[in-house]
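Dropping input_36.txt in here (compact mmCIF, C-alpha atoms and all ligand atoms):
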# COMPACT_ATOMS: atom_id res chain seq x y z
CA MET A 1 -17.86 1.07 -20.28
CA LEU A 2 -21.15 -0.25 -18.96
CA VAL A 3 -22.12 -1.43 -22.44
CA GLY A 4 -18.71 -3.05 -22.70
CA GLU A 5 -19.23 -4.91 -19.43
CA VAL A 6 -22.65 -6.14 -20.48
CA LEU A 7 -21.33 -7.31 -23.83
CA VAL A 8 -18.45 -9.19 -22.18
CA ALA A 9 -20.81 -10.76 -19.65
CA ASN A 10 -22.95 -12.01 -22.51
CA GLY A 11 -20.12 -13.48 -24.51
CA HIS A 12 -19.59 -10.64 -26.99
CA ALA A 13 -16.12 -9.55 -26.00
CA GLU A 14 -15.19 -8.76 -29.64
CA VAL A 15 -18.05 -6.28 -29.90
CA ALA A 16 -17.13 -4.84 -26.50
CA GLU A 17 -13.61 -4.28 -27.76
CA GLU A 18 -14.97 -2.34 -30.77
CA TRP A 19 -17.18 -0.18 -28.55
CA LEU A 20 -14.37 0.58 -26.15
CA THR A 21 -11.99 1.42 -28.99
CA GLU A 22 -14.54 3.86 -30.47
CA ALA A 23 -15.12 5.38 -27.04
CA LEU A 24 -11.42 5.74 -26.45
CA ASP A 25 -10.91 7.47 -29.82
CA VAL A 26 -13.60 10.00 -28.92
CA VAL A 27 -12.41 10.68 -25.39
CA LEU A 28 -8.73 10.93 -26.37
CA ARG A 29 -9.65 13.40 -29.11
CA ARG A 30 -11.46 15.49 -26.49
CA GLN A 31 -8.47 15.23 -24.18
CA ASP A 32 -6.21 16.42 -27.01
CA GLU A 33 -8.40 19.47 -27.53
CA LEU A 34 -8.17 20.28 -23.82
CA GLU A 35 -4.44 19.58 -23.61
CA SER A 36 -3.67 23.23 -24.36
CA LYS A 37 -5.71 24.37 -21.36
CA PRO A 38 -5.05 21.94 -18.49
CA SER A 39 -6.51 24.50 -16.07
CA ASP A 40 -9.94 23.86 -17.60
CA PRO A 41 -11.91 21.94 -14.95
CA ALA A 42 -13.11 19.57 -17.67
CA TYR A 43 -9.53 18.42 -18.28
CA ASP A 44 -9.14 16.31 -15.13
CA HIS A 45 -12.50 14.75 -15.69
CA VAL A 46 -11.79 13.81 -19.30
CA ALA A 47 -8.35 12.49 -18.33
CA MET A 48 -9.95 10.29 -15.70
CA VAL A 49 -12.54 8.96 -18.15
CA SER A 50 -9.91 8.19 -20.77
CA PHE A 51 -7.84 6.38 -18.14
CA GLU A 52 -10.78 4.19 -17.14
CA VAL A 53 -11.79 3.43 -20.74
CA LEU A 54 -8.17 2.66 -21.59
CA GLN A 55 -7.97 0.15 -18.73
CA ALA A 56 -11.32 -1.43 -19.57
CA ARG A 57 -10.32 -1.89 -23.21
CA HIS A 58 -6.94 -3.26 -22.16
CA GLY A 59 -8.65 -5.84 -19.94
CA VAL A 60 -11.00 -6.98 -22.69
CA ARG A 61 -8.16 -7.26 -25.20
CA HIS A 62 -6.14 -9.36 -22.76
CA GLU A 63 -9.15 -11.59 -22.32
CA LEU A 64 -9.40 -11.95 -26.10
CA GLY A 65 -5.69 -12.77 -26.29
CA LEU A 66 -5.01 -9.87 -28.65
CA PRO A 67 -1.45 -8.59 -28.96
CA HIS A 68 -0.58 -5.29 -27.31
CA ASP A 69 -1.19 -2.22 -29.45
CA GLU A 70 -0.16 1.37 -28.73
CA TYR A 71 -3.19 1.97 -26.51
CA ASP A 72 -2.34 -1.13 -24.48
CA ASP A 73 1.20 0.08 -23.93
CA LEU A 74 -0.21 3.39 -22.78
CA ALA A 75 -2.65 1.58 -20.47
CA ASP A 76 0.19 -0.32 -18.79
CA GLU A 77 2.36 2.76 -18.55
CA LEU A 78 -0.36 4.87 -16.93
CA MET A 79 -1.32 2.08 -14.55
CA GLU A 80 2.27 1.81 -13.37
CA GLU A 81 2.39 5.56 -12.80
CA LEU A 82 -0.83 5.40 -10.84
CA GLU A 83 0.39 2.54 -8.70
CA ASP A 84 3.58 4.44 -7.96
CA SER A 85 1.62 7.51 -6.97
CA LEU A 86 -0.62 5.62 -4.58
CA ASP A 87 1.42 4.67 -1.58
CA ASP A 88 0.15 1.87 0.58
CA GLY A 89 -3.00 3.53 1.62
CA ALA A 90 -4.51 6.85 0.94
CA VAL A 91 -6.28 9.47 2.90
CA VAL A 92 -8.72 11.90 1.36
CA LEU A 93 -9.57 15.31 2.75
CA PHE A 94 -13.28 15.81 3.14
CA LEU A 95 -15.32 18.77 4.36
CA PRO A 96 -18.43 18.19 6.52
CA GLN A 97 -21.58 19.98 5.34
CA PRO A 98 -21.33 23.41 7.06
CA GLU A 99 -17.63 23.53 6.22
CA TYR A 100 -18.16 22.63 2.60
CA ASP A 101 -20.97 25.18 2.22
CA GLU A 102 -18.71 27.86 3.67
CA ALA A 103 -15.81 26.79 1.49
CA LEU A 104 -17.99 26.97 -1.63
CA ARG A 105 -19.08 30.50 -0.73
CA SER A 106 -15.45 31.58 -0.36
CA TRP A 107 -14.06 29.61 -3.32
CA PRO A 108 -16.83 28.85 -5.84
CA ASP A 109 -14.26 27.23 -8.15
CA LEU A 110 -14.13 24.24 -5.80
CA ALA A 111 -17.43 23.14 -7.33
CA ALA A 112 -15.74 21.91 -10.49
CA ASP A 113 -13.51 19.28 -8.89
CA HIS A 114 -15.10 18.69 -5.54
CA GLY A 115 -18.83 18.96 -6.19
CA ALA A 116 -21.36 21.75 -6.72
CA THR A 117 -23.23 20.72 -3.56
CA TRP A 118 -22.35 18.87 -0.40
CA ASP A 119 -24.08 15.76 -1.72
CA GLU A 120 -21.87 15.92 -4.78
CA HIS A 121 -18.85 16.45 -2.55
CA ARG A 122 -19.73 13.28 -0.62
CA ALA A 123 -20.25 11.37 -3.85
CA THR A 124 -16.95 12.62 -5.29
CA THR A 125 -15.13 11.59 -2.11
CA GLU A 126 -16.73 8.15 -2.07
CA GLN A 127 -15.84 7.70 -5.74
CA GLU A 128 -12.25 8.75 -5.21
CA LEU A 129 -11.89 6.29 -2.33
CA ARG A 130 -13.42 3.52 -4.37
CA MET A 131 -11.05 4.21 -7.25
CA ARG A 132 -8.11 4.18 -4.84
CA ALA A 133 -9.32 0.99 -3.18
CA GLU A 134 -9.06 -0.78 -6.53
CA HIS A 135 -5.43 0.13 -6.94
CA SER A 136 -3.92 0.28 -3.48
CA ALA A 137 -3.34 -2.34 -0.86
CA GLY A 138 -3.15 -0.25 2.28
CA GLY A 139 -5.66 1.37 4.56
CA LEU A 140 -7.92 4.07 3.25
CA GLY A 141 -9.59 6.84 5.16
CA VAL A 142 -10.98 10.34 5.26
CA ILE A 143 -9.84 13.33 7.26
CA PRO A 144 -12.55 15.89 7.94
CA GLY A 145 -11.27 19.39 7.30
CA THR A 146 -12.61 22.86 7.97
CA ALA A 147 -12.94 25.88 5.70
CA ASP A 148 -10.97 28.01 8.19
CA ALA A 149 -8.07 25.58 8.41
CA LEU A 150 -7.98 25.39 4.63
CA ALA A 151 -7.93 29.19 4.32
CA GLU A 152 -5.23 29.42 6.98
CA PHE A 153 -3.17 26.78 5.24
CA ALA A 154 -3.45 28.57 1.90
CA ARG A 155 -2.43 31.87 3.54
CA THR A 156 0.68 30.36 5.12
CA ALA A 157 1.54 28.66 1.85
CA GLY A 158 1.24 32.05 0.18
CA SER A 159 -1.46 31.10 -2.26
CA GLU A 160 -4.76 32.93 -2.61
CA GLN A 161 -6.33 30.22 -4.67
CA ILE A 162 -7.82 27.09 -3.20
CA ASN A 163 -7.64 24.38 -5.84
CA ALA A 164 -7.05 20.66 -6.05
CA ALA A 165 -3.33 21.15 -5.36
CA THR A 166 -3.96 23.27 -2.24
CA ILE A 167 -6.34 20.64 -0.95
CA GLN A 168 -3.79 17.88 -1.53
CA ALA A 169 -1.09 19.85 0.24
CA HIS A 170 -3.39 20.65 3.16
CA ARG A 171 -4.28 16.97 3.38
CA ASP A 172 -0.59 16.07 3.47
CA SER A 173 0.03 18.53 6.28
CA LEU A 174 -2.87 17.08 8.30
CA VAL A 175 -1.57 13.55 7.74
CA ASP A 176 1.91 14.64 8.82
CA SER A 177 0.53 16.25 11.94
CA GLY A 178 -0.60 12.79 13.03
CA ILE A 179 -4.39 13.24 12.86
CA ALA A 180 -6.00 9.80 12.75
CA PRO A 181 -8.18 9.42 9.67
CA ILE A 182 -11.67 7.93 9.81
CA PRO A 183 -11.20 4.46 8.29
CA TRP A 184 -12.97 3.76 5.01
CA PRO A 185 -15.11 1.88 4.15
CA PRO A 186 -17.27 1.54 7.24
CA GLY A 187 -19.37 -1.60 7.66
CA ARG A 188 -22.62 -1.46 5.67
CA ASN A 189 -24.66 -1.06 8.85
CA ASP A 190 -22.23 1.26 10.60
CA PRO A 191 -22.58 5.05 10.68
CA CYS A 192 -21.42 6.61 7.42
CA TRP A 193 -17.96 8.16 7.22
CA CYS A 194 -19.46 11.49 6.12
CA GLY A 195 -20.87 12.18 9.58
CA SER A 196 -24.53 12.07 8.52
CA GLU A 197 -25.36 9.51 11.26
CA SER A 198 -27.17 7.41 8.65
CA LYS A 199 -26.03 3.87 7.95
CA TYR A 200 -23.33 3.66 5.31
CA LYS A 201 -25.50 1.44 3.12
CA LYS A 202 -28.22 4.10 3.06
CA CYS A 203 -25.91 7.09 2.75
CA CYS A 204 -22.71 7.33 0.75
CA LEU A 205 -22.43 3.70 -0.36
CA PRO A 206 -25.23 4.09 -2.93
CA ARG A 207 -24.34 7.71 -3.69
CA VAL A 208 -21.89 6.88 -6.47
ZN ZN A 301 -1.02 -5.42 -20.89
ZN ZN A 302 -22.57 9.41 4.03
What would the structure in this file look like if it were written as structure tokens?
Ligand SMILES: [Zn+2]
Ligand SMILES: [Zn+2]
Amino acid sequence: MLVGEVLVANGHAEVAEEWLTEALDVVLRRQDELESKPSDPAYDHVAMVSFEVLQARHGVRHELGLPHDEYDDLADELMEELEDSLDDGAVVLFLPQPEYDEALRSWPDLAADHGATWDEHRATTEQELRMRAEHSAGGLGVIPGTADALAEFARTAGSEQINAATIQAHRDSLVDSGIAPIPWPPGRNDPCWCGSESKYKKCCLPRV
């Protein structure tokens, strides 16, 4: 995608389109292979990459005035789905350092989707918010959670596993309970949303 952007910026949109098409073929093939095991942590990641490549290619082809092909139809379809799924605004559940460390000890599988370390967890959260900011008009924010509250929530919900779905559901319950999220993004010189007390521009802003 980066190569594609550079090519477009330098007036080689046709070449960019070829690169992106090749990339899309590869990543969709990989996604196909994983389709039979959607519980594989790699699946979500590959699906996200294919979505982004699909959109990038779609944009370049529009710029070139090319007619829609099957991939373009898919790009539009998926974008509509995404827009529907993002209400006006989005809040992401985030665990401060001691909480995340504890959560990882209890549920090592969290590492796959949410980061193998706290730094990765912050980067993943920042990335998710940035992705959402591109596609949603409303306010964005983070809600800091705790490992205990997450465990308690999972217990009441009757699930032993803590996975992406549990985290989403816990987030929803916190939002419903009226907890005010920390607005995102902070000003560049304001304290970072992650609670590090560093300036945003020196903390999570460059982390992605
Ligand atoms: Zn289109
Ligand atoms: Zn930070």
Can you list, as a compact mmCIF listing (two decimals) with C-alpha atoms, in the coordinates of the input, every protein, DNA or RNA residue that comes within 8 Å of Arg188 in chain A when you count all atoms listed in the file, leaving out same-chain residues fewer than 4 positions away?
# COMPACT_ATOMS: atom_id res chain seq x y z
CA LYS A 199 -26.03 3.87 7.95
CA TYR A 200 -23.33 3.66 5.31
CA LYS A 201 -25.50 1.44 3.12
CA LEU A 205 -22.43 3.70 -0.36
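CA of Tyr71 in chain A to CA of Gly11 in chain A spans 23.0 Å [interatomic distance, one decimal].
Of the residues listed (A:Met48, A:Val3, A:Ala151, A:Val142), A:Val142 shows the shortest atom-to-atom separation from Asp172 in chain A; distances use only C-alpha atoms.
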Have a look at CA of Pro67 in chain A and atom ZN of ligand ZN 301 (chain A) and let me know their distance in Å, one decimal.
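Here the two named atoms are 8.7 Å from each other.
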Just to confirm, what's the straight-line distance from CA of Arg122 in chain A to CA of Leu82 in chain A in Å (one decimal)?
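Answer for the CA of Arg122 in chain A to CA of Leu82 in chain A separation: 22.9 Å.
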Which residues of chain A come within 9 Å of ligand ZN 301 (chain A), and what is each one's closest atom pair and distance in Å (one decimal), counting all atoms listed in the file, sorted by chain and residue number, as a tab-separated table?
residue	atom	partner	partner_atom	distance
A:His58	CA	A:ZN301	ZN	6.4
A:Gly59	CA	A:ZN301	ZN	7.7
A:Arg61	CA	A:ZN301	ZN	8.5
A:His62	CA	A:ZN301	ZN	6.7
A:Pro67	CA	A:ZN301	ZN	8.7
A:His68	CA	A:ZN301	ZN	6.4
A:Asp72	CA	A:ZN301	ZN	5.7
A:Asp73	CA	A:ZN301	ZN	6.7
A:Ala75	CA	A:ZN301	ZN	7.2
A:Asp76	CA	A:ZN301	ZN	5.6
For a quick check of understanding, using all atoms listed in the file, which of A:Val92, A:Leu150, A:Ala42, A:Leu24 has the smallest distance to Arg57 in chain A?
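Selected residue with least distance to Arg57 in chain A: A:Leu24.
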For ligand ZN 302 (chain A), the nearest of the candidates A:Leu64, A:Glu134, A:Thr124, A:Glu152, counting only C-alpha atoms and all ligand atoms:
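Going through A:Leu64, A:Glu134, A:Thr124, A:Glu152 one by one, the smallest distance to ligand ZN 302 (chain A) is for A:Thr124.
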Give me the residues near Arg171 in chain A as a list of chain:residue names, where near means some atom within 10 Å (using all atoms listed in the file) and where sequence neighbours in that chain fewer than 4 positions away do not count.
A:Val91, A:Val92, A:Leu93, A:Phe94, A:Val142, A:Ile143, A:Pro144, A:Gly145, A:Leu150, A:Ala165, A:Thr166, A:Ile167, A:Val175, A:Asp176, A:Ser177
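Selection of all polymer residues within 6 Å of ligand ZN 302 (chain A) on the basis of only C-alpha atoms and all ligand atoms gives A:Cys192, A:Trp193, A:Cys194, A:Ser196, A:Tyr200, A:Cys203, A:Cys204.
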Pick the closest to Gln55 in chain A from A:Glu77, A:Glu35, A:Ile182, A:Asp119: which is it, counting only C-alpha atoms?
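Distance minimum relative to Gln55 in chain A lands on A:Glu77.
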Show me, as a PyMOL selection string, the residues that have an atom within 6 Å of range 13-19 of chain A when counting all atoms listed in the file, minus same-chain residues fewer than 4 positions from it.
chain A and resi 4+7-8
Between A:Gly187, A:Pro98, A:Pro41, A:Gly141, which residue has the minimum interatomic distance to Trp118 in chain A, considering only C-alpha atoms?
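Using only C-alpha atoms, the shortest distance to Trp118 in chain A belongs to A:Pro98.
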Minimum-distance residue to Pro96 in chain A, chosen among A:Leu66, A:Ala147, A:Ala133, A:Ala123 (using all atoms listed in the file)
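Among the listed residues, the smallest separation from Pro96 in chain A belongs to A:Ala147.
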Nearby residues (all atoms listed in the file) at most 9 Å from Phe51 in chain A, same-chain spacing under 4 positions excluded, as a ChimeraX atom specification
/A:46-47,55-56,75,78-79
